[in-house]
$ cat start_5.pdb   # PDB, C-alpha atoms, pLDDT in the B column
ATOM      1  CA  MET I   1      13.306 159.452  24.660  1.00 78.00           C
ATOM      2  CA  ALA I   2      16.452 157.433  25.180  1.00 83.00           C
ATOM      3  CA  LYS I   3      17.990 155.790  22.117  1.00 90.00           C
ATOM      4  CA  MET I   4      17.742 152.010  22.077  1.00 95.00           C
ATOM      5  CA  PRO I   5      21.081 150.277  21.480  1.00 93.00           C
ATOM      6  CA  ASP I   6      21.127 148.204  18.290  1.00 95.00           C
ATOM      7  CA  SER I   7      22.021 145.078  20.259  1.00 95.00           C
ATOM      8  CA  LEU I   8      18.950 145.468  22.474  1.00 97.00           C
ATOM      9  CA  ARG I   9      16.716 146.143  19.466  1.00 97.00           C
ATOM     10  CA  ALA I  10      18.014 142.972  17.797  1.00 97.00           C
ATOM     11  CA  GLU I  11      17.354 140.979  20.952  1.00 96.00           C
ATOM     12  CA  LEU I  12      13.776 142.258  21.241  1.00 98.00           C
ATOM     13  CA  GLU I  13      13.144 141.597  17.555  1.00 98.00           C
ATOM     14  CA  ALA I  14      14.543 138.058  17.833  1.00 97.00           C
ATOM     15  CA  ALA I  15      12.185 137.408  20.761  1.00 96.00           C
ATOM     16  CA  ASN I  16       9.241 138.985  18.868  1.00 98.00           C
ATOM     17  CA  LEU I  17       8.884 141.565  21.650  1.00 98.00           C
ATOM     18  CA  MET I  18       9.503 144.806  19.773  1.00 97.00           C
ATOM     19  CA  THR I  19       5.753 145.409  19.375  1.00 97.00           C
ATOM     20  CA  ALA I  20       5.179 144.747  23.081  1.00 97.00           C
ATOM     21  CA  PHE I  21       7.916 147.260  23.897  1.00 97.00           C
ATOM     22  CA  GLU I  22       6.501 149.875  21.520  1.00 97.00           C
ATOM     23  CA  GLN I  23       3.021 149.458  23.029  1.00 96.00           C
ATOM     24  CA  ARG I  24       4.287 150.482  26.446  1.00 96.00           C
ATOM     25  CA  PRO I  25       3.733 154.134  27.390  1.00 96.00           C
ATOM     26  CA  PRO I  26       6.663 156.421  26.509  1.00 96.00           C
ATOM     27  CA  TYR I  27       7.670 156.887  30.153  1.00 95.00           C
ATOM     28  CA  GLN I  28       7.986 153.106  30.618  1.00 95.00           C
ATOM     29  CA  ARG I  29      10.053 152.657  27.465  1.00 96.00           C
ATOM     30  CA  ASN I  30      12.308 155.518  28.532  1.00 96.00           C
ATOM     31  CA  ASP I  31      12.644 154.152  32.079  1.00 96.00           C
ATOM     32  CA  TYR I  32      13.631 150.708  30.822  1.00 96.00           C
ATOM     33  CA  LEU I  33      16.259 152.111  28.450  1.00 97.00           C
ATOM     34  CA  HIS I  34      17.811 154.458  31.025  1.00 96.00           C
ATOM     35  CA  TRP I  35      17.744 151.742  33.695  1.00 96.00           C
ATOM     36  CA  ILE I  36      19.608 149.329  31.414  1.00 96.00           C
ATOM     37  CA  GLU I  37      22.006 152.057  30.264  1.00 95.00           C
ATOM     38  CA  ARG I  38      22.924 152.967  33.867  1.00 96.00           C
ATOM     39  CA  ALA I  39      24.128 149.441  34.690  1.00 96.00           C
ATOM     40  CA  ARG I  40      27.812 149.602  35.587  1.00 97.00           C
ATOM     41  CA  HIS I  41      28.599 145.919  35.138  1.00 98.00           C
ATOM     42  CA  PRO I  42      27.772 143.586  32.237  1.00 97.00           C
ATOM     43  CA  GLU I  43      26.118 141.146  34.657  1.00 98.00           C
ATOM     44  CA  THR I  44      23.805 143.876  35.946  1.00 98.00           C
ATOM     45  CA  ARG I  45      22.963 144.970  32.413  1.00 97.00           C
ATOM     46  CA  ARG I  46      22.150 141.366  31.454  1.00 98.00           C
ATOM     47  CA  LYS I  47      19.961 140.943  34.556  1.00 97.00           C
ATOM     48  CA  ARG I  48      18.032 144.121  33.733  1.00 96.00           C
ATOM     49  CA  ILE I  49      17.557 143.124  30.097  1.00 97.00           C
ATOM     50  CA  ASN I  50      16.310 139.712  31.213  1.00 97.00           C
ATOM     51  CA  GLN I  51      13.852 141.343  33.616  1.00 96.00           C
ATOM     52  CA  MET I  52      12.536 143.654  30.891  1.00 97.00           C
ATOM     53  CA  ILE I  53      12.152 140.732  28.462  1.00 97.00           C
ATOM     54  CA  ASP I  54      10.333 138.699  31.114  1.00 96.00           C
ATOM     55  CA  GLU I  55       7.989 141.595  31.881  1.00 96.00           C
ATOM     56  CA  LEU I  56       7.289 142.240  28.203  1.00 97.00           C
ATOM     57  CA  THR I  57       6.590 138.541  27.679  1.00 96.00           C
ATOM     58  CA  LYS I  58       4.179 138.302  30.619  1.00 93.00           C
ATOM     59  CA  GLY I  59       2.592 141.723  30.107  1.00 92.00           C
ATOM     60  CA  GLY I  60       0.975 143.784  32.852  1.00 86.00           C
ATOM     61  CA  ILE I  61       4.212 144.069  34.833  1.00 88.00           C
ATOM     62  CA  TYR I  62       6.438 147.134  34.905  1.00 90.00           C
ATOM     63  CA  MET I  63       9.719 147.286  36.833  1.00 87.00           C
ATOM     64  CA  GLY I  64       8.603 144.450  39.091  1.00 82.00           C
ATOM     65  CA  MET I  65       5.195 145.985  39.822  1.00 82.00           C
ATOM     66  CA  GLN I  66       1.842 144.693  38.662  1.00 73.00           C
TER      67      GLN I  66
END
$ encode --input "start_5.pdb" --output "structure tokens"
Amino acid sequence: MAKMPDSLRAELEAANLMTAFEQRPPYQRNDYLHWIERARHPETRRKRINQMIDELTKGGIYMGMQ
């Protein structure tokens, strides 16, 4: 399992989404973390974090798929 950066953990906790993240299957959590980690530009990283937060908020969506 990929290690979650402290800044991302703080952001999920502030949005009350840490539980939603932890309830995802391990492969989804790992995919999200690696996907965010692989971003080469800060703008891309931000976009990916925003997508993950949106999907965790809505539920039932994973990497743009329902």
$ atom_distance --input "start_5.pdb" --atom1 "atom CA of Ile53 of chain I" --atom2 "atom CA of His41 of chain I"
18.5 Å
$ resolve_selection --input "start_5.pdb" --expression "the PyMOL selection byres ((chain I and resi 4) around 12)" --output "number ranges by chain"
I: 1-3, 5-12, 18, 21-22, 29-37, 49
$ residues_around --input "start_5.pdb" --residues "Gln51 of chain I" --least-positions-apart "2" --cutoff "12 Å" --atoms "all atoms listed in the file" --output "ChimeraX atom specification"
/I:32,35-36,44-49,53-59,61-65
$ atom_distance --input "start_5.pdb" --atom1 "atom CA of Ala15 of chain I" --atom2 "atom CA of Glu43 of chain I"
20.0 Å
$ atom_distance --input "start_5.pdb" --atom1 "atom CA of Gly60 of chain I" --atom2 "atom CA of Arg40 of chain I"
27.6 Å
